[in-house]
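Containing PDB, C-alpha atoms, pLDDT in the B column: target.pdb.
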```
ATOM      1  CA  MET Y   1      23.083 -23.055   1.627  1.00 44.00           C
ATOM      2  CA  ALA Y   2      25.080 -21.025   4.149  1.00 46.00           C
ATOM      3  CA  SER Y   3      28.267 -21.275   2.051  1.00 86.00           C
ATOM      4  CA  LEU Y   4      26.344 -20.205  -1.066  1.00 90.00           C
ATOM      5  CA  ASP Y   5      25.005 -17.179   0.781  1.00 92.00           C
ATOM      6  CA  ALA Y   6      28.482 -16.349   2.088  1.00 92.00           C
ATOM      7  CA  ARG Y   7      29.898 -16.497  -1.424  1.00 94.00           C
ATOM      8  CA  TYR Y   8      27.075 -14.250  -2.653  1.00 95.00           C
ATOM      9  CA  GLN Y   9      28.042 -11.681  -0.023  1.00 95.00           C
ATOM     10  CA  LEU Y  10      31.713 -11.928  -0.975  1.00 95.00           C
ATOM     11  CA  ILE Y  11      30.944 -11.322  -4.653  1.00 96.00           C
ATOM     12  CA  ILE Y  12      28.411  -8.536  -4.184  1.00 96.00           C
ATOM     13  CA  SER Y  13      30.651  -6.698  -1.711  1.00 95.00           C
ATOM     14  CA  TYR Y  14      33.528  -6.730  -4.191  1.00 95.00           C
ATOM     15  CA  GLU Y  15      31.335  -5.661  -7.112  1.00 95.00           C
ATOM     16  CA  GLN Y  16      29.854  -2.791  -5.109  1.00 94.00           C
ATOM     17  CA  CYS Y  17      33.314  -1.643  -4.059  1.00 93.00           C
ATOM     18  CA  PHE Y  18      34.494  -1.826  -7.682  1.00 93.00           C
ATOM     19  CA  ALA Y  19      31.467   0.169  -8.861  1.00 92.00           C
ATOM     20  CA  LYS Y  20      32.059   2.843  -6.202  1.00 90.00           C
ATOM     21  CA  THR Y  21      35.703   3.130  -7.240  1.00 91.00           C
ATOM     22  CA  VAL Y  22      34.761   3.544 -10.903  1.00 89.00           C
ATOM     23  CA  ALA Y  23      32.108   6.135 -10.078  1.00 84.00           C
ATOM     24  CA  ALA Y  24      34.421   8.150  -7.834  1.00 83.00           C
ATOM     25  CA  LYS Y  25      36.968   8.355 -10.651  1.00 86.00           C
ATOM     26  CA  ILE Y  26      34.578   9.544 -13.368  1.00 79.00           C
ATOM     27  CA  VAL Y  27      32.494  12.008 -11.317  1.00 76.00           C
ATOM     28  CA  ASP Y  28      34.178  15.397 -10.961  1.00 68.00           C
ATOM     29  CA  ARG Y  29      35.296  15.881  -7.362  1.00 62.00           C
ATOM     30  CA  PRO Y  30      35.137  19.410  -5.851  1.00 54.00           C
ATOM     31  CA  GLU Y  31      38.556  20.758  -4.861  1.00 57.00           C
ATOM     32  CA  LEU Y  32      39.298  22.069  -1.391  1.00 49.00           C
ATOM     33  CA  SER Y  33      41.484  25.188  -1.322  1.00 50.00           C
ATOM     34  CA  PRO Y  34      43.050  27.057   1.657  1.00 50.00           C
ATOM     35  CA  TRP Y  35      40.562  29.888   1.102  1.00 42.00           C
ATOM     36  CA  MET Y  36      37.689  27.541   1.885  1.00 47.00           C
ATOM     37  CA  ILE Y  37      39.138  26.861   5.335  1.00 45.00           C
ATOM     38  CA  LEU Y  38      39.854  30.516   6.047  1.00 46.00           C
ATOM     39  CA  ILE Y  39      36.460  31.789   4.916  1.00 47.00           C
ATOM     40  CA  PRO Y  40      33.582  29.779   6.457  1.00 49.00           C
ATOM     41  CA  ILE Y  41      30.937  30.679   3.871  1.00 49.00           C
ATOM     42  CA  ILE Y  42      33.129  29.338   1.061  1.00 48.00           C
ATOM     43  CA  PHE Y  43      33.741  26.172   3.066  1.00 43.00           C
ATOM     44  CA  VAL Y  44      29.981  25.723   3.432  1.00 49.00           C
ATOM     45  CA  HIS Y  45      29.707  25.926  -0.348  1.00 46.00           C
ATOM     46  CA  TYR Y  46      32.429  23.254  -0.658  1.00 42.00           C
ATOM     47  CA  LEU Y  47      30.531  20.972   1.718  1.00 51.00           C
ATOM     48  CA  HIS Y  48      27.397  21.419  -0.373  1.00 50.00           C
ATOM     49  CA  GLN Y  49      29.325  20.551  -3.543  1.00 57.00           C
ATOM     50  CA  HIS Y  50      30.898  17.564  -1.804  1.00 49.00           C
ATOM     51  CA  GLN Y  51      27.457  16.271  -0.819  1.00 60.00           C
ATOM     52  CA  ARG Y  52      26.374  16.556  -4.446  1.00 61.00           C
ATOM     53  CA  PHE Y  53      29.539  14.703  -5.474  1.00 48.00           C
ATOM     54  CA  ARG Y  54      28.797  11.852  -3.052  1.00 63.00           C
ATOM     55  CA  ALA Y  55      25.203  11.658  -4.279  1.00 62.00           C
ATOM     56  CA  ALA Y  56      26.417  11.521  -7.898  1.00 57.00           C
ATOM     57  CA  VAL Y  57      28.864   8.744  -7.016  1.00 60.00           C
ATOM     58  CA  ASP Y  58      26.058   6.748  -5.374  1.00 63.00           C
ATOM     59  CA  ILE Y  59      23.769   7.130  -8.397  1.00 69.00           C
ATOM     60  CA  THR Y  60      26.537   6.298 -10.881  1.00 73.00           C
ATOM     61  CA  SER Y  61      27.649   3.206  -8.970  1.00 77.00           C
ATOM     62  CA  LYS Y  62      24.047   1.955  -8.732  1.00 81.00           C
ATOM     63  CA  GLU Y  63      23.593   2.340 -12.498  1.00 85.00           C
ATOM     64  CA  PHE Y  64      26.884   0.508 -13.099  1.00 86.00           C
ATOM     65  CA  MET Y  65      25.691  -2.265 -10.759  1.00 92.00           C
ATOM     66  CA  PHE Y  66      22.360  -2.871 -12.531  1.00 92.00           C
ATOM     67  CA  THR Y  67      23.581  -5.646 -14.839  1.00 94.00           C
ATOM     68  CA  LYS Y  68      25.935  -7.086 -12.202  1.00 95.00           C
ATOM     69  CA  GLN Y  69      23.292  -7.208  -9.469  1.00 95.00           C
ATOM     70  CA  THR Y  70      20.654  -8.649 -11.807  1.00 95.00           C
ATOM     71  CA  ALA Y  71      23.006 -11.344 -13.103  1.00 96.00           C
ATOM     72  CA  LEU Y  72      24.318 -12.235  -9.642  1.00 97.00           C
ATOM     73  CA  ASP Y  73      20.808 -12.632  -8.231  1.00 96.00           C
ATOM     74  CA  ALA Y  74      19.857 -14.800 -11.210  1.00 96.00           C
ATOM     75  CA  ALA Y  75      22.982 -16.957 -10.881  1.00 96.00           C
ATOM     76  CA  TRP Y  76      22.359 -17.407  -7.158  1.00 96.00           C
ATOM     77  CA  GLN Y  77      18.792 -18.558  -7.827  1.00 93.00           C
ATOM     78  CA  MET Y  78      19.981 -20.786 -10.653  1.00 95.00           C
ATOM     79  CA  VAL Y  79      22.579 -22.585  -8.513  1.00 94.00           C
ATOM     80  CA  ARG Y  80      20.342 -22.787  -5.440  1.00 93.00           C
ATOM     81  CA  ASN Y  81      17.269 -24.115  -7.267  1.00 93.00           C
ATOM     82  CA  GLY Y  82      18.959 -26.063 -10.049  1.00 93.00           C
ATOM     83  CA  ALA Y  83      17.121 -24.065 -12.714  1.00 91.00           C
ATOM     84  CA  SER Y  84      18.260 -24.126 -16.341  1.00 93.00           C
ATOM     85  CA  LYS Y  85      19.965 -21.133 -17.903  1.00 92.00           C
ATOM     86  CA  GLU Y  86      17.148 -20.728 -20.441  1.00 93.00           C
ATOM     87  CA  GLU Y  87      14.519 -20.655 -17.702  1.00 94.00           C
ATOM     88  CA  THR Y  88      16.564 -18.198 -15.659  1.00 94.00           C
ATOM     89  CA  LEU Y  89      17.117 -15.845 -18.609  1.00 94.00           C
ATOM     90  CA  GLY Y  90      13.407 -15.946 -19.395  1.00 94.00           C
ATOM     91  CA  GLU Y  91      12.554 -14.922 -15.844  1.00 94.00           C
ATOM     92  CA  VAL Y  92      15.121 -12.116 -15.915  1.00 94.00           C
ATOM     93  CA  ALA Y  93      13.815 -10.767 -19.238  1.00 93.00           C
ATOM     94  CA  ALA Y  94      10.224 -10.903 -17.996  1.00 93.00           C
ATOM     95  CA  LYS Y  95      11.086  -9.099 -14.759  1.00 91.00           C
ATOM     96  CA  VAL Y  96      13.046  -6.377 -16.570  1.00 89.00           C
ATOM     97  CA  ALA Y  97      10.195  -5.914 -19.093  1.00 88.00           C
ATOM     98  CA  GLU Y  98       7.659  -5.633 -16.267  1.00 87.00           C
ATOM     99  CA  ASP Y  99       9.734  -3.034 -14.425  1.00 83.00           C
ATOM    100  CA  ASP Y 100      10.326  -1.069 -17.618  1.00 80.00           C
ATOM    101  CA  ALA Y 101       6.622  -1.080 -18.530  1.00 78.00           C
ATOM    102  CA  ALA Y 102       5.845   0.702 -15.273  1.00 75.00           C
ATOM    103  CA  ARG Y 103       8.827   3.039 -15.562  1.00 74.00           C
ATOM    104  CA  LEU Y 104       8.166   3.984 -19.198  1.00 70.00           C
ATOM    105  CA  SER Y 105       4.427   4.453 -18.777  1.00 68.00           C
ATOM    106  CA  GLY Y 106       3.434   7.794 -20.225  1.00 67.00           C
ATOM    107  CA  ARG Y 107       6.746   8.339 -22.015  1.00 68.00           C
ATOM    108  CA  GLY Y 108       6.878   8.964 -25.737  1.00 69.00           C
ATOM    109  CA  ALA Y 109       7.451   6.196 -28.275  1.00 73.00           C
ATOM    110  CA  ASP Y 110      10.919   7.526 -29.189  1.00 75.00           C
ATOM    111  CA  TYR Y 111      12.060   7.461 -25.541  1.00 72.00           C
ATOM    112  CA  ALA Y 112      10.692   3.949 -25.039  1.00 77.00           C
ATOM    113  CA  GLU Y 113      12.424   2.677 -28.201  1.00 83.00           C
ATOM    114  CA  LYS Y 114      15.806   4.040 -27.081  1.00 82.00           C
ATOM    115  CA  ALA Y 115      15.351   2.617 -23.578  1.00 82.00           C
ATOM    116  CA  GLN Y 116      14.494  -0.794 -25.001  1.00 86.00           C
ATOM    117  CA  ALA Y 117      17.625  -0.742 -27.188  1.00 89.00           C
ATOM    118  CA  ILE Y 118      19.725  -0.183 -24.070  1.00 88.00           C
ATOM    119  CA  ARG Y 119      17.897  -2.999 -22.247  1.00 90.00           C
ATOM    120  CA  ARG Y 120      18.484  -5.433 -25.112  1.00 92.00           C
ATOM    121  CA  ALA Y 121      22.213  -4.795 -24.894  1.00 93.00           C
ATOM    122  CA  GLN Y 122      22.104  -5.079 -21.101  1.00 93.00           C
ATOM    123  CA  LEU Y 123      20.338  -8.456 -21.298  1.00 95.00           C
ATOM    124  CA  LYS Y 124      23.201  -9.783 -23.428  1.00 95.00           C
ATOM    125  CA  GLU Y 125      25.672  -8.547 -20.828  1.00 96.00           C
ATOM    126  CA  ILE Y 126      23.562 -10.140 -18.081  1.00 96.00           C
ATOM    127  CA  GLU Y 127      23.640 -13.475 -19.918  1.00 97.00           C
ATOM    128  CA  LEU Y 128      27.444 -13.372 -19.988  1.00 97.00           C
ATOM    129  CA  LEU Y 129      27.638 -12.366 -16.335  1.00 97.00           C
ATOM    130  CA  ILE Y 130      25.313 -15.172 -15.239  1.00 97.00           C
ATOM    131  CA  ASP Y 131      27.811 -17.695 -16.632  1.00 97.00           C
ATOM    132  CA  HIS Y 132      30.616 -15.865 -14.819  1.00 97.00           C
ATOM    133  CA  TYR Y 133      28.861 -15.823 -11.447  1.00 97.00           C
ATOM    134  CA  VAL Y 134      27.707 -19.440 -11.728  1.00 97.00           C
ATOM    135  CA  ARG Y 135      31.352 -20.309 -12.308  1.00 96.00           C
ATOM    136  CA  LEU Y 136      32.317 -18.446  -9.133  1.00 96.00           C
ATOM    137  CA  PHE Y 137      29.545 -20.103  -7.121  1.00 95.00           C
ATOM    138  CA  LYS Y 138      30.635 -23.555  -8.268  1.00 94.00           C
ATOM    139  CA  ALA Y 139      34.359 -23.051  -7.676  1.00 92.00           C
ATOM    140  CA  GLY Y 140      35.777 -24.949  -4.715  1.00 76.00           C
ATOM    141  CA  GLU Y 141      36.605 -23.482  -1.337  1.00 70.00           C
ATOM    142  CA  VAL Y 142      39.396 -20.918  -1.274  1.00 64.00           C
ATOM    143  CA  GLY Y 143      42.173 -20.584   1.268  1.00 56.00           C
ATOM    144  CA  PRO Y 144      45.669 -19.112   1.686  1.00 52.00           C
ATOM    145  CA  ALA Y 145      47.173 -21.575  -0.784  1.00 49.00           C
ATOM    146  CA  ASP Y 146      44.974 -20.150  -3.549  1.00 48.00           C
ATOM    147  CA  LEU Y 147      46.251 -16.596  -3.138  1.00 47.00           C
ATOM    148  CA  PRO Y 148      49.284 -15.614  -5.233  1.00 48.00           C
ATOM    149  CA  THR Y 149      52.422 -14.910  -3.201  1.00 49.00           C
ATOM    150  CA  PRO Y 150      54.369 -11.749  -4.079  1.00 46.00           C
ATOM    151  CA  PRO Y 151      57.983 -12.491  -5.085  1.00 46.00           C
ATOM    152  CA  GLY Y 152      60.369 -12.628  -2.152  1.00 50.00           C
ATOM    153  CA  ARG Y 153      57.689 -13.175   0.479  1.00 51.00           C
ATOM    154  CA  SER Y 154      56.842 -16.300   2.405  1.00 50.00           C
ATOM    155  CA  ARG Y 155      53.228 -17.415   2.779  1.00 50.00           C
ATOM    156  CA  LYS Y 156      51.609 -17.206   6.168  1.00 54.00           C
ATOM    157  CA  ARG Y 157      48.705 -19.559   6.664  1.00 49.00           C
ATOM    158  CA  ARG Y 158      46.113 -17.040   7.720  1.00 55.00           C
ATOM    159  CA  PRO Y 159      42.437 -16.948   6.711  1.00 56.00           C
ATOM    160  CA  LEU Y 160      41.709 -14.866   3.640  1.00 56.00           C
ATOM    161  CA  SER Y 161      39.157 -12.102   3.776  1.00 58.00           C
ATOM    162  CA  GLY Y 162      37.650  -9.357   1.658  1.00 70.00           C
ATOM    163  CA  LYS Y 163      39.387  -8.431  -1.577  1.00 82.00           C
ATOM    164  CA  ASN Y 164      42.118 -11.076  -1.257  1.00 85.00           C
ATOM    165  CA  LYS Y 165      39.548 -13.827  -0.822  1.00 88.00           C
ATOM    166  CA  TYR Y 166      37.650 -12.652  -3.897  1.00 92.00           C
ATOM    167  CA  TRP Y 167      40.850 -12.569  -5.950  1.00 92.00           C
ATOM    168  CA  ALA Y 168      41.650 -16.079  -4.752  1.00 91.00           C
ATOM    169  CA  LEU Y 169      38.163 -17.160  -5.820  1.00 92.00           C
ATOM    170  CA  LEU Y 170      38.706 -15.717  -9.298  1.00 95.00           C
ATOM    171  CA  LYS Y 171      41.983 -17.589  -9.630  1.00 93.00           C
ATOM    172  CA  LYS Y 172      40.422 -20.859  -8.486  1.00 92.00           C
ATOM    173  CA  ALA Y 173      37.445 -20.451 -10.843  1.00 95.00           C
ATOM    174  CA  TYR Y 174      39.414 -19.484 -13.956  1.00 95.00           C
ATOM    175  CA  ARG Y 175      42.727 -21.251 -13.245  1.00 91.00           C
ATOM    176  CA  THR Y 176      44.728 -19.439 -15.912  1.00 93.00           C
ATOM    177  CA  ARG Y 177      45.339 -15.836 -16.803  1.00 94.00           C
ATOM    178  CA  THR Y 178      44.380 -16.617 -20.403  1.00 96.00           C
ATOM    179  CA  ASP Y 179      40.908 -17.863 -19.456  1.00 96.00           C
ATOM    180  CA  TYR Y 180      40.155 -14.909 -17.194  1.00 97.00           C
ATOM    181  CA  THR Y 181      41.496 -12.450 -19.768  1.00 97.00           C
ATOM    182  CA  ARG Y 182      39.149 -13.986 -22.338  1.00 97.00           C
ATOM    183  CA  PHE Y 183      36.188 -13.388 -20.020  1.00 97.00           C
ATOM    184  CA  LEU Y 184      37.237  -9.770 -19.356  1.00 97.00           C
ATOM    185  CA  GLU Y 185      37.471  -9.139 -23.102  1.00 97.00           C
ATOM    186  CA  GLN Y 186      33.991 -10.587 -23.608  1.00 97.00           C
ATOM    187  CA  LEU Y 187      32.655  -8.425 -20.775  1.00 97.00           C
ATOM    188  CA  GLN Y 188      34.316  -5.337 -22.196  1.00 96.00           C
ATOM    189  CA  ARG Y 189      32.659  -5.938 -25.578  1.00 96.00           C
ATOM    190  CA  ALA Y 190      29.255  -6.499 -23.938  1.00 96.00           C
ATOM    191  CA  GLU Y 191      29.577  -3.325 -21.863  1.00 94.00           C
ATOM    192  CA  LYS Y 192      30.646  -1.378 -24.938  1.00 94.00           C
ATOM    193  CA  GLU Y 193      27.459  -2.440 -26.741  1.00 94.00           C
ATOM    194  CA  VAL Y 194      25.429  -1.128 -23.793  1.00 92.00           C
ATOM    195  CA  ASN Y 195      27.401   2.115 -23.872  1.00 90.00           C
ATOM    196  CA  LEU Y 196      26.897   2.513 -27.629  1.00 92.00           C
ATOM    197  CA  ALA Y 197      23.134   2.132 -27.190  1.00 90.00           C
ATOM    198  CA  ALA Y 198      23.234   4.692 -24.377  1.00 87.00           C
ATOM    199  CA  LYS Y 199      25.285   7.141 -26.467  1.00 87.00           C
ATOM    200  CA  ARG Y 200      22.752   6.869 -29.301  1.00 87.00           C
ATOM    201  CA  ALA Y 201      19.933   7.552 -26.857  1.00 82.00           C
ATOM    202  CA  PHE Y 202      21.674  10.542 -25.285  1.00 79.00           C
ATOM    203  CA  SER Y 203      23.525  11.870 -28.315  1.00 78.00           C
ATOM    204  CA  GLN Y 204      22.136  15.342 -27.687  1.00 77.00           C
ATOM    205  CA  THR Y 205      23.232  15.437 -24.042  1.00 76.00           C
ATOM    206  CA  GLU Y 206      26.331  17.595 -23.654  1.00 75.00           C
ATOM    207  CA  GLY Y 207      29.324  15.760 -22.251  1.00 78.00           C
ATOM    208  CA  PHE Y 208      27.626  12.331 -22.193  1.00 80.00           C
ATOM    209  CA  SER Y 209      29.908  10.746 -24.800  1.00 85.00           C
ATOM    210  CA  GLU Y 210      32.984  12.013 -22.948  1.00 85.00           C
ATOM    211  CA  THR Y 211      31.682  10.546 -19.693  1.00 83.00           C
ATOM    212  CA  ILE Y 212      31.153   7.163 -21.328  1.00 87.00           C
ATOM    213  CA  SER Y 213      34.697   7.226 -22.728  1.00 90.00           C
ATOM    214  CA  LYS Y 214      36.027   8.044 -19.269  1.00 88.00           C
ATOM    215  CA  LEU Y 215      33.945   5.196 -17.809  1.00 89.00           C
ATOM    216  CA  GLU Y 216      35.363   2.695 -20.293  1.00 93.00           C
ATOM    217  CA  ALA Y 217      38.950   3.823 -19.774  1.00 94.00           C
ATOM    218  CA  THR Y 218      38.609   3.750 -15.985  1.00 92.00           C
ATOM    219  CA  THR Y 219      37.003   0.312 -15.956  1.00 94.00           C
ATOM    220  CA  ALA Y 220      39.668  -1.108 -18.260  1.00 96.00           C
ATOM    221  CA  ALA Y 221      42.482   0.295 -16.106  1.00 96.00           C
ATOM    222  CA  LEU Y 222      41.013  -1.092 -12.886  1.00 95.00           C
ATOM    223  CA  ARG Y 223      40.465  -4.535 -14.396  1.00 95.00           C
ATOM    224  CA  LYS Y 224      44.021  -4.554 -15.696  1.00 95.00           C
ATOM    225  CA  LYS Y 225      45.235  -4.001 -12.129  1.00 94.00           C
ATOM    226  CA  GLU Y 226      42.843  -6.670 -10.887  1.00 94.00           C
ATOM    227  CA  LEU Y 227      44.175  -9.168 -13.417  1.00 94.00           C
ATOM    228  CA  GLU Y 228      47.737  -8.486 -12.310  1.00 92.00           C
ATOM    229  CA  ALA Y 229      46.819  -8.856  -8.640  1.00 92.00           C
ATOM    230  CA  VAL Y 230      44.976 -12.145  -9.155  1.00 92.00           C
ATOM    231  CA  PHE Y 231      47.710 -13.870 -11.131  1.00 90.00           C
ATOM    232  CA  SER Y 232      50.751 -11.991  -9.788  1.00 75.00           C
ATOM    233  CA  LEU Y 233      52.145 -11.354 -13.233  1.00 34.00           C
ATOM    234  CA  LYS Y 234      53.511  -8.120 -14.676  1.00 37.00           C
ATOM    235  CA  LEU Y 235      51.589  -6.978 -17.726  1.00 31.00           C
TER     236      LEU Y 235
END
```
As structure tokens, the full file:
Amino acid sequence: MASLDARYQLIISYEQCFAKTVAAKIVDRPELSPWMILIPIIFVHYLHQHQRFRAAVDITSKEFMFTKQTALDAAWQMVRNGASKEETLGEVAAKVAEDDAARLSGRGADYAEKAQAIRRAQLKEIELLIDHYVRLFKAGEVGPADLPTPPGRSRKRRPLSGKNKYWALLKKAYRTRTDYTRFLEQLQRAEKEVNLAAKRAFSQTEGFSETISKLEATTAALRKKELEAVFSLKL
């Protein structure tokens, strides 16, 4: 199972990097001005704000990763143990319900109902992602020949690593741009349902709807670039 574990690490590393990139783009970053360098006390304030920014990025990326991490862990267990999808989904739903029962203990009925609506949408996204990750786990080995070559450049037979290796894995698993685009559209719809449930729950929170819109736009833009990189086609 060493290769399965290695592929898990490749996928989770990419997903975490993607989540961090999304979070860094939607969380307001403090600006550094010349005055902050000239006047130490102002610079100290900037450092404090920057620490808060980094903490916000960490929290945002972890929230974004919830469905991805849950689905990836489930897919890994499913492929390793040969479990059925139905059995795996049942275990995921039970685990999420157990965690939520402890987390929502003592909360009001209205809060619990809104939280459960978000979870129901997230479980549908998780189901889609499990299929995606199982597909990645079951794809064949990837190497330099699987990575698209930019026009005008010759291929050098060197081992792939990091982001390039993940992109090569996506291409090997989905084969065509059309198939991968179809998955991204399905994922976008599933994420939008989660976001709609969250916006209903936090409709009274100032700026929340705008943040969600920024999240969706940022995610779509990054995935558009990813699609182009994987298949080396201009959109």
Quiz item: When you draw a straight line from atom CA of Met65 of chain Y to atom CA of Asp110 of chain Y, how long is it in Å?
Solution: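 Interatomic distance here is 25.6 Å.
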Quiz item: If we count all atoms listed in the file, what is near Glu15 of chain Y at a cut-off of 10 Å, once residues fewer than 5 positions away on the same chain are taken out, given as a ChimeraX atom specification?
Solution: /Y:9-10,20-21,61,64-65,68-69,72,166
Practice problem: Name the residues in contact with segment 88-94 of chain Y at a cut-off of 8 Å, using all atoms listed in the file, excluding same-chain residues fewer than 3 positions from it; report them as a list in words. | Solution: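 Close residues of segment 88-94 of chain Y: Thr70, Ala74, Met78, Ala83, Ser84, Lys85, Ala97, Glu98, Leu123 and Glu127 of chain Y.
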Self-check item: Length of the atom CA of Phe231 of chain Y to atom CA of Lys25 of chain Y vector [Å]
Solution: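 Atom-to-atom, atom CA of Phe231 of chain Y and atom CA of Lys25 of chain Y are spaced 24.7 Å apart.
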Quiz item: Y:Gln122, Y:Ala19, Y:Ser3, Y:Lys62: which is nearest Thr219 of chain Y, counting all atoms listed in the file?
Solution: Y:Ala19
Quiz item: What's the 10 Å shell around Phe208 of chain Y, counting only C-alpha atoms, without same-chain residues fewer than 5 positions away, as a PyMOL selection string?
Solution: chain Y and resi 198-199+202-203+213-214
Practice problem: Write out as a PyMOL selection string the residues lying within 12 Å of Glu125 of chain Y, counting only C-alpha atoms and excluding same-chain residues fewer than 4 positions away. | Solution: chain Y and resi 64-72+89+118-121+129-132+183-184+186-195
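Our summary of the geometry notes that atom CA of Trp76 of chain Y is positioned 7.7 Å from atom CA of Phe137 of chain Y.
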How big is the axis-aligned box around the listed atoms of segment 126-135 of chain Y once 8 Å is added on each side, and where is its centre? Give both in Å to one decimal, as JSON.
```
{"center_x": 27.5, "center_y": -15.2, "center_z": -15.7, "size_x": 23.8, "size_y": 26.2, "size_z": 24.5}
```
Exercise. Counting only C-alpha atoms, find the residues whose atoms lie at most 8 Å from (34.8, -17.8, -7.8) (file coordinates) and write them out as a ChimeraX atom specification.
Key: /Y:133,135-140,166,168-174
Quiz item: Counting all atoms listed in the file, which of Y:Ala23, Y:Val134, Y:Val79, Y:Ala197 gets nearest to Glu113 of chain Y?
Solution: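 Of Y:Ala23, Y:Val134, Y:Val79, Y:Ala197, the one nearest Glu113 of chain Y is Y:Ala197, counting all atoms listed in the file.
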Quiz item: Of the residues Y:Asn81, Y:Ile12, Y:Leu196, Y:Leu104, which is the one nearest to Glu216 of chain Y, using only C-alpha atoms?
Solution: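 The closest residue to Glu216 of chain Y is Y:Leu196.
For the choices Y:Leu4, Y:Leu128, Y:Val96, Y:Val27, the atom-to-atom distance to Thr218 of chain Y is smallest for Y:Val27 when using only C-alpha atoms.
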